[in-house]
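Text of start13.cif (mmCIF, C-alpha atoms and all ligand atoms) as supplied:
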```cif
data_protein
loop_
_atom_site.label_atom_id
_atom_site.label_comp_id
_atom_site.auth_asym_id
_atom_site.auth_seq_id
_atom_site.Cartn_x
_atom_site.Cartn_y
_atom_site.Cartn_z
CA MET A 6 0.00 0.00 0.00
CA LYS A 7 1.31 3.39 -1.01
CA TYR A 8 -0.39 5.59 1.57
CA ILE A 9 0.18 5.21 5.29
CA SER A 10 -3.04 5.49 7.18
CA LEU A 11 -3.42 8.71 9.11
CA THR A 12 -4.69 6.74 12.08
CA LEU A 13 -1.33 4.96 12.25
CA LEU A 14 0.57 8.22 12.05
CA ALA A 15 -1.52 10.12 14.57
CA PRO A 16 0.25 8.94 17.78
CA PHE A 17 3.63 9.76 16.22
CA LEU A 18 2.56 13.24 15.17
CA LEU A 19 1.11 13.85 18.61
CA SER A 20 4.30 12.84 20.42
CA CYS A 21 6.31 15.16 18.17
CA ALA A 22 4.08 18.05 19.13
CA ILE A 23 4.47 17.37 22.87
CA ALA A 24 8.22 16.64 23.19
CA LYS A 25 10.23 19.83 22.93
CA ASN A 26 13.33 19.47 20.81
CA PRO A 27 16.44 19.96 22.94
CA VAL A 28 18.63 22.95 22.20
CA SER A 29 21.74 21.77 20.39
CA ARG A 30 25.12 23.15 19.39
CA GLU A 31 28.42 21.91 18.01
CA GLU A 32 31.91 22.19 19.47
CA THR A 33 35.36 21.06 18.39
CA ILE A 34 37.89 19.59 20.79
CA HIS A 35 41.40 18.15 20.30
CA PRO A 36 43.07 15.33 22.23
CA GLY A 37 44.50 16.64 25.50
CA GLU A 38 42.18 19.63 25.60
CA VAL A 39 39.34 20.89 27.77
CA LYS A 40 36.12 22.79 27.07
CA TRP A 41 34.24 24.95 29.55
CA LEU A 42 30.51 24.43 29.05
CA GLU A 43 27.73 26.72 30.17
CA PHE A 44 24.05 26.01 29.87
CA LYS A 45 21.19 28.47 30.40
CA THR A 46 18.86 26.70 32.78
CA THR A 47 17.02 27.46 35.98
CA ASP A 48 16.79 23.78 36.88
CA VAL A 49 19.21 23.11 39.76
CA GLY A 50 18.70 19.35 39.50
CA VAL A 51 20.27 18.94 36.05
CA LYS A 52 22.76 16.21 35.24
CA LEU A 53 25.32 16.04 32.45
CA PHE A 54 26.22 12.91 30.51
CA CYS A 55 29.11 12.73 28.02
CA LYS A 56 29.88 9.50 26.13
CA GLY A 57 27.20 7.91 28.32
CA GLN A 58 29.12 8.75 31.52
CA GLU A 59 27.99 11.26 34.11
CA VAL A 60 30.20 14.37 34.27
CA LYS A 61 29.95 16.71 37.28
CA VAL A 62 27.93 19.83 36.62
CA GLU A 63 27.47 22.79 38.96
CA ALA A 64 23.93 24.12 38.70
CA HIS A 65 23.03 27.65 39.76
CA LYS A 66 19.69 29.48 39.63
CA ASP A 67 20.37 30.86 36.16
CA LYS A 68 22.98 28.57 34.61
CA ALA A 69 24.85 25.29 34.86
CA GLN A 70 28.63 24.96 34.38
CA ALA A 71 30.87 22.00 33.62
CA ILE A 72 34.26 21.11 32.19
CA VAL A 73 34.54 18.51 29.46
CA ILE A 74 37.85 16.91 28.50
CA GLU A 75 39.19 14.77 25.70
CA SER A 76 42.01 12.37 26.57
CA TYR A 77 45.46 12.79 25.02
CA PHE A 78 45.02 9.14 24.04
CA SER A 79 41.75 9.90 22.22
CA ASP A 80 40.27 7.50 19.65
CA LEU A 81 39.04 10.63 17.77
CA GLN A 82 35.42 9.46 17.89
CA PRO A 83 32.79 12.23 17.97
CA PHE A 84 30.67 12.30 21.10
CA THR A 85 27.62 13.98 22.60
CA CYS A 86 27.09 15.66 25.95
CA SER A 87 23.47 15.76 27.09
CA LEU A 88 22.14 17.99 29.84
CA LYS A 89 19.24 16.17 31.42
CA SER A 90 16.50 16.97 33.87
CA ASN A 91 15.14 13.67 35.13
CA ASP A 92 14.93 11.80 31.84
CA GLN A 93 14.30 14.76 29.61
CA VAL A 94 17.16 16.06 27.47
CA LEU A 95 17.26 19.87 27.78
CA GLU A 96 20.37 20.55 25.75
CA GLU A 97 22.86 18.65 23.61
CA VAL A 98 26.41 19.50 22.62
CA PHE A 99 27.89 17.55 19.70
CA PHE A 100 31.65 17.31 19.91
CA LYS A 101 33.86 16.77 16.87
CA VAL A 102 37.29 15.45 17.89
CA VAL A 103 40.06 16.71 15.61
CA GLU A 104 43.55 15.24 15.65
CA LYS A 105 46.42 17.38 16.91
CA GLU A 106 50.08 16.92 16.05
CA TYR A 107 52.29 17.05 19.13
CA LYS A 108 56.02 17.57 18.66
CA ALA A 109 58.64 14.97 19.46
CA GLU A 110 61.67 15.67 21.64
CA LYS A 111 64.81 13.54 21.33
CA LEU A 112 66.68 12.84 24.54
CA LYS A 113 69.86 10.87 25.07
CA VAL A 114 70.04 9.29 28.49
CA ASP A 115 72.02 6.61 30.24
CA SER A 116 69.85 3.47 29.91
CA LYS A 117 70.52 2.76 33.59
CA ARG A 118 68.60 5.93 34.41
CA ILE A 119 65.44 4.73 32.64
CA ALA A 120 64.94 1.48 34.53
CA LEU A 121 63.90 1.73 38.18
CA SER A 122 65.46 -0.34 40.92
CA PRO A 123 62.99 -2.69 42.69
CA LYS A 124 63.17 -0.45 45.75
CA ASN A 125 62.33 2.70 43.78
CA GLN A 126 59.62 0.89 41.84
CA LYS A 127 58.02 -0.15 45.13
CA ARG A 128 58.15 3.42 46.41
CA ALA A 129 56.68 4.84 43.19
CA ASP A 130 53.85 2.25 43.22
CA ALA A 131 52.97 3.01 46.86
CA GLU A 132 52.87 6.73 46.11
CA GLN A 133 50.62 6.12 43.13
CA LEU A 134 48.03 4.52 45.43
CA VAL A 135 48.08 7.60 47.68
CA LEU A 136 47.70 9.89 44.65
CA ASN A 137 44.82 7.83 43.24
CA LYS A 138 42.93 8.36 46.50
CA ILE A 139 43.57 12.11 46.38
CA TYR A 140 42.36 12.38 42.78
CA ALA A 141 39.22 10.40 43.61
CA SER A 142 37.95 12.83 46.25
CA SER A 143 37.62 16.28 44.71
CA GLU A 144 35.34 18.94 46.25
CA PRO A 145 31.87 18.77 44.61
CA ARG A 146 31.86 22.46 43.57
CA PHE A 147 34.18 24.82 41.70
CA LEU A 148 36.49 26.44 44.26
CA PHE A 149 37.52 29.23 41.88
CA THR A 150 35.71 32.26 40.49
CA LYS A 151 38.48 33.59 38.27
CA ALA A 152 40.42 32.26 35.27
CA PHE A 153 43.47 30.02 35.68
CA GLN A 154 46.83 31.69 35.19
CA GLU A 155 50.32 30.39 34.46
CA PRO A 156 52.15 29.33 37.61
CA MET A 157 55.31 31.12 36.52
CA ASN A 158 56.28 34.08 34.42
CA SER A 159 59.11 32.24 32.73
CA VAL A 160 60.18 30.51 29.52
CA VAL A 161 58.37 27.25 28.74
CA THR A 162 61.06 24.64 28.06
CA SER A 163 58.76 21.72 27.27
CA VAL A 164 55.15 22.09 26.17
CA TYR A 165 52.28 19.78 27.03
CA GLY A 166 51.99 16.66 24.91
CA THR A 167 55.60 16.51 23.68
CA LYS A 168 56.49 12.96 22.67
CA ARG A 169 59.68 11.81 24.34
CA VAL A 170 62.10 9.76 22.34
CA TYR A 171 64.88 8.32 24.49
CA ASN A 172 67.86 6.92 22.58
CA ASN A 173 65.68 6.84 19.44
CA VAL A 174 62.88 4.86 21.12
CA LYS A 175 59.55 6.55 21.91
CA LYS A 176 59.11 6.05 25.62
CA GLY A 177 56.09 8.17 26.30
CA GLN A 178 54.91 11.73 26.35
CA HIS A 179 55.25 14.74 28.59
CA LEU A 180 51.76 15.53 29.85
CA GLY A 181 52.63 18.76 31.65
CA THR A 182 54.32 22.11 31.05
CA ASP A 183 57.94 22.72 32.08
CA TYR A 184 59.12 26.20 33.01
CA ARG A 185 62.70 27.37 33.21
CA ALA A 186 63.41 28.07 36.89
CA ALA A 187 66.31 28.31 39.27
CA ILE A 188 66.44 26.78 42.72
CA GLY A 189 64.35 29.02 44.97
CA ASP A 190 62.17 30.86 42.42
CA LYS A 191 58.66 31.69 43.62
CA VAL A 192 55.84 29.35 42.55
CA PRO A 193 52.34 30.82 42.88
CA ALA A 194 49.05 28.87 42.66
CA ALA A 195 47.43 28.90 39.21
CA ASN A 196 44.03 29.40 40.81
CA ALA A 197 42.13 29.24 44.10
CA GLY A 198 41.62 25.85 45.69
CA LYS A 199 42.48 23.50 48.52
CA VAL A 200 45.93 21.99 49.05
CA VAL A 201 45.44 18.21 49.03
CA PHE A 202 49.11 17.17 48.93
CA ALA A 203 52.39 18.80 49.95
CA GLY A 204 55.28 16.37 50.22
CA ASP A 205 58.12 14.44 48.58
CA LEU A 206 57.35 12.04 45.71
CA PHE A 207 59.72 9.76 43.81
CA TYR A 208 59.03 11.14 40.32
CA THR A 209 58.17 14.79 40.94
CA GLY A 210 60.18 15.37 44.15
CA TRP A 211 58.78 18.00 46.49
CA THR A 212 55.30 18.51 45.12
CA VAL A 213 52.15 20.54 45.83
CA ILE A 214 48.77 19.39 44.53
CA ILE A 215 45.77 21.74 44.60
CA ASP A 216 42.16 20.61 44.26
CA HIS A 217 40.12 23.28 42.46
CA GLY A 218 36.91 21.30 42.83
CA MET A 219 34.81 19.28 40.36
CA ASP A 220 37.75 16.93 39.57
CA VAL A 221 40.12 19.74 38.53
CA PHE A 222 43.64 19.53 40.03
CA THR A 223 46.96 21.30 39.44
CA VAL A 224 50.36 19.82 40.28
CA TYR A 225 53.64 21.69 40.94
CA GLY A 226 56.68 19.40 40.84
CA HIS A 227 60.48 19.29 41.45
CA CYS A 228 60.23 22.06 44.10
CA SER A 229 63.03 22.77 46.58
CA LYS A 230 60.52 23.69 49.27
CA THR A 231 56.76 23.58 49.78
CA LEU A 232 55.23 26.54 51.66
CA VAL A 233 51.71 25.22 52.27
CA LYS A 234 50.24 22.17 54.00
CA GLU A 235 47.41 19.78 53.28
CA GLY A 236 44.02 21.36 54.03
CA ASP A 237 45.17 24.95 53.37
CA MET A 238 42.84 27.04 51.19
CA VAL A 239 44.86 29.10 48.72
CA GLU A 240 44.06 32.05 46.48
CA ARG A 241 45.09 32.51 42.87
CA GLY A 242 48.66 33.82 42.80
CA GLN A 243 49.40 32.84 46.40
CA LEU A 244 52.97 31.66 46.96
CA ILE A 245 52.84 27.88 47.51
CA ALA A 246 56.39 26.64 46.87
CA LEU A 247 59.92 27.41 45.68
CA SER A 248 61.21 25.79 42.50
CA GLY A 249 64.06 23.29 42.50
CA ASN A 250 65.39 20.05 41.05
CA THR A 251 64.07 17.36 43.40
CA GLY A 252 62.77 14.00 42.13
CA ARG A 253 63.61 12.59 38.68
CA THR A 254 64.92 15.62 36.84
CA SER A 255 67.97 16.58 34.82
CA GLY A 256 68.09 20.14 36.20
CA PRO A 257 66.08 22.77 38.07
CA HIS A 258 62.70 23.59 36.53
CA LEU A 259 59.04 23.71 37.46
CA HIS A 260 56.80 20.94 36.17
CA TRP A 261 53.16 22.10 36.04
CA GLY A 262 50.52 19.44 35.56
CA VAL A 263 46.76 19.85 35.15
CA LYS A 264 44.66 16.79 35.88
CA ILE A 265 40.94 16.89 35.12
CA GLN A 266 38.58 13.93 35.50
CA GLY A 267 41.56 11.61 35.82
CA GLN A 268 43.43 12.80 32.70
CA TYR A 269 46.37 15.14 32.29
CA VAL A 270 45.30 17.94 29.95
CA ASP A 271 46.89 21.07 28.47
CA GLY A 272 46.98 23.79 31.13
CA PHE A 273 47.14 26.51 28.48
CA VAL A 274 43.78 25.45 27.07
CA LEU A 275 42.32 25.52 30.60
CA ILE A 276 43.67 29.07 30.99
CA ASP A 277 42.06 30.15 27.67
CA GLU A 278 38.74 28.46 28.38
CA THR A 279 38.40 29.93 31.87
CA LYS A 280 39.48 33.40 30.63
CA LYS A 281 36.55 33.27 28.20
CA ALA A 282 34.21 31.92 30.89
CA PHE A 283 35.14 34.58 33.47
CA LYS A 284 35.59 37.34 30.85
CA GLU A 285 39.18 38.20 31.78
ZN ZN A 301 57.70 18.23 33.27
#
```
Just give me the structure as structure tokens.
Ligand SMILES: [Zn+2]
Amino acid sequence: MKYISLTLLAPFLLSCAIAKNPVSREETIHPGEVKWLEFKTTDVGVKLFCKGQEVKVEAHKDKAQAIVIESYFSDLQPFTCSLKSNDQVLEEVFFKVVEKEYKAEKLKVDSKRIALSPKNQKRADAEQLVLNKIYASSEPRFLFTKAFQEPMNSVVTSVYGTKRVYNNVKKGQHLGTDYRAAIGDKVPAANAGKVVFAGDLFYTGWTVIIDHGMDVFTVYGHCSKTLVKEGDMVERGQLIALSGNTGRTSGPHLHWGVKIQGQYVDGFVLIDETKKAFKE
């Protein structure tokens, strides 16, 4: 039969008239990057789902805010973030993931320096367990109301994402930003937050970790001295440590890491995104 009966179509047409189409928009993200999302909504009970997983969202009376990330190790698959109220989709953001070429850095090192002794391996593993716990218990609200800023006004000696080739073999990637620094240079906090770690670690030496809330953390490594303690609330720009060359390093510098939702991402993109969000 060529014509579909109107009686059969009626329930479908009716449901289309009732269900409001969600607002939708498109965004582009690259591996290792973050996106600050804002939604206009007065519903304080909204939830956000990206790739089918719940992502923390902070809902206010007039808007909801969230940070979305794409892993450095992305499979480049497009994905959707849906803002939901109960089971109703209020808004959808379609993300296109576009490949990004990260530079490679060739390093020549003594092969003995690459392998860890059993004792050091044991220490590094034990510290990892402590860090995992810290990263799993972020404050459930954004602890900052301003944009992120660079932790040092100095030359960047290694950018985020640089592939590291040791003795002509790719051994990994540098998922932080390195700044040129002497022993004893001032290290200020990139933004307001709560100090959740201040101590000595095998890889990053004397280290400060700040929780900025909603699974956003910054890490300051290879310091000569830490000037804050766990539980301290810090402001953006507050002096938290002095730079140095502790831990596994070939010379004094500051290693700045940004970890969001369990992944190290590019701190410079976080700075740009929050500058736009807070109109700075
Ligand atoms: Zn580094």
- request: For Lys52 of chain A, please output as JSON, numbers by chain all residues within 8 Å (counting only C-alpha atoms; exclusion window: fewer than 3 positions along the same chain).
  value: {"A": [59, 60, 61, 62, 88, 89, 90]}
Produce a table with one row for each residue of chain A that has an atom at most 9 Å from any atom of ligand ZN 301 (chain A), each row naming the nearest atom pair and its distance in Å at one decimal; use only C-alpha atoms and all ligand atoms; arrange rows by chain and rising residue number; format as JSON lines.
```
{"residue": "A:Thr162", "atom": "CA", "partner": "A:ZN301", "partner_atom": "ZN", "distance": 8.9}
{"residue": "A:Ser163", "atom": "CA", "partner": "A:ZN301", "partner_atom": "ZN", "distance": 7.0}
{"residue": "A:Val164", "atom": "CA", "partner": "A:ZN301", "partner_atom": "ZN", "distance": 8.5}
{"residue": "A:Tyr165", "atom": "CA", "partner": "A:ZN301", "partner_atom": "ZN", "distance": 8.4}
{"residue": "A:His179", "atom": "CA", "partner": "A:ZN301", "partner_atom": "ZN", "distance": 6.3}
{"residue": "A:Leu180", "atom": "CA", "partner": "A:ZN301", "partner_atom": "ZN", "distance": 7.4}
{"residue": "A:Gly181", "atom": "CA", "partner": "A:ZN301", "partner_atom": "ZN", "distance": 5.3}
{"residue": "A:Thr182", "atom": "CA", "partner": "A:ZN301", "partner_atom": "ZN", "distance": 5.6}
{"residue": "A:Asp183", "atom": "CA", "partner": "A:ZN301", "partner_atom": "ZN", "distance": 4.7}
{"residue": "A:Tyr184", "atom": "CA", "partner": "A:ZN301", "partner_atom": "ZN", "distance": 8.1}
{"residue": "A:Thr209", "atom": "CA", "partner": "A:ZN301", "partner_atom": "ZN", "distance": 8.4}
{"residue": "A:Gly226", "atom": "CA", "partner": "A:ZN301", "partner_atom": "ZN", "distance": 7.7}
{"residue": "A:His227", "atom": "CA", "partner": "A:ZN301", "partner_atom": "ZN", "distance": 8.7}
{"residue": "A:Thr254", "atom": "CA", "partner": "A:ZN301", "partner_atom": "ZN", "distance": 8.5}
{"residue": "A:His258", "atom": "CA", "partner": "A:ZN301", "partner_atom": "ZN", "distance": 8.0}
{"residue": "A:Leu259", "atom": "CA", "partner": "A:ZN301", "partner_atom": "ZN", "distance": 7.0}
{"residue": "A:His260", "atom": "CA", "partner": "A:ZN301", "partner_atom": "ZN", "distance": 4.1}
{"residue": "A:Trp261", "atom": "CA", "partner": "A:ZN301", "partner_atom": "ZN", "distance": 6.6}
{"residue": "A:Gly262", "atom": "CA", "partner": "A:ZN301", "partner_atom": "ZN", "distance": 7.6}
```
- request: Mind checking which residues fall within 8 Å of Gly252 of chain A, counting all atoms listed in the file, ignoring those fewer than 4 positions away in the same chain, and posting them as a PyMOL selection string?
  value: chain A and resi 205-211+227
message: Which residues are close to segment 27-30 of chain A, i.e. within 6 Å by all atoms listed in the file, leaving aside same-chain residues fewer than 6 positions away? Reply as a PyMOL selection string.
response: chain A and resi 95-98
- request: Check the smallest atom-to-atom distance from each of A:Asn173, A:Thr251, A:Thr46, A:Thr223 to Gly204 of chain A using all atoms listed in the file, then report the winner.
  value: A:Thr251
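What separates atom CA of Ala141 of chain A from atom CA of Pro36 of chain A is a distance of 22.3 Å.
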- prompt: So which residues touch segment 135-140 of chain A within 8 Å, counting only C-alpha atoms, skipping near sequence neighbours fewer than 4 positions away, as a PyMOL selection string?
  reply: chain A and resi 131+201-202+220+222+267
Residues within 9 Å of (44.6, 19.3, 18.0), counting all atoms listed in the file, listed as a list in words: Ile34, His35, Pro36, Gly37, Glu38, Val102, Val103, Glu104, Lys105, Glu106 and Tyr107 of chain A
field: Shell of 9 Å around Leu148 of chain A, all atoms listed in the file, local chain residues under 3 positions omitted, as a ChimeraX atom specification
entry: /A:144-145,196-199,216-219
As AutoDock Vina command-line options, what would the box around segment 257-274 of chain A look like: edges along x, y and z, 4 Å added on every side, centre and edge lengths in Å to one decimal?
```
--center_x 52.3 --center_y 19.1 --center_z 32.6 --size_x 35.5 --size_y 22.9 --size_z 19.0
```
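Residues with at least one atom no more than 7 Å from (27.9, 21.2, 30.8), using only C-alpha atoms, are A:Leu42, A:Glu43, A:Phe44, A:Leu53, A:Val62, A:Ala69, A:Gln70, A:Ala71, A:Ile72, A:Leu88.
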Go ahead and write the selection's residues with C-alpha atoms as a short mmCIF file (atom, residue, chain, number, x, y, z; two decimals), in the frame of the given file.
```
data_model
loop_
_atom_site.label_atom_id
_atom_site.label_comp_id
_atom_site.auth_asym_id
_atom_site.auth_seq_id
_atom_site.Cartn_x
_atom_site.Cartn_y
_atom_site.Cartn_z
CA LEU A 42 30.51 24.43 29.05
CA GLU A 43 27.73 26.72 30.17
CA PHE A 44 24.05 26.01 29.87
CA LEU A 53 25.32 16.04 32.45
CA VAL A 62 27.93 19.83 36.62
CA ALA A 69 24.85 25.29 34.86
CA GLN A 70 28.63 24.96 34.38
CA ALA A 71 30.87 22.00 33.62
CA ILE A 72 34.26 21.11 32.19
CA LEU A 88 22.14 17.99 29.84
#
```
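Here the question is which of A:Asp92, A:Asp67, A:Glu32, A:Glu110 gets nearest to Asp48 of chain A using all atoms listed in the file, and that residue is A:Asp67.
Atom CA of Arg185 of chain A is positioned 19.9 Å from atom CA of Leu232 of chain A.
Among the candidates A:Gln268, A:Ser255, A:Thr150, A:Ser142, the residue lying nearest to Leu112 of chain A is A:Ser255 (atoms considered: all atoms listed in the file).
Remark: for Phe147 of chain A, the closest of the candidate residues A:Ala109, A:Ile188, A:Ala64, A:Val170 is A:Ala64 (distances computed over only C-alpha atoms).
With atom CA of Ile214 of chain A on one side and atom CA of Tyr269 of chain A on the other, the separation reads 13.2 Å.
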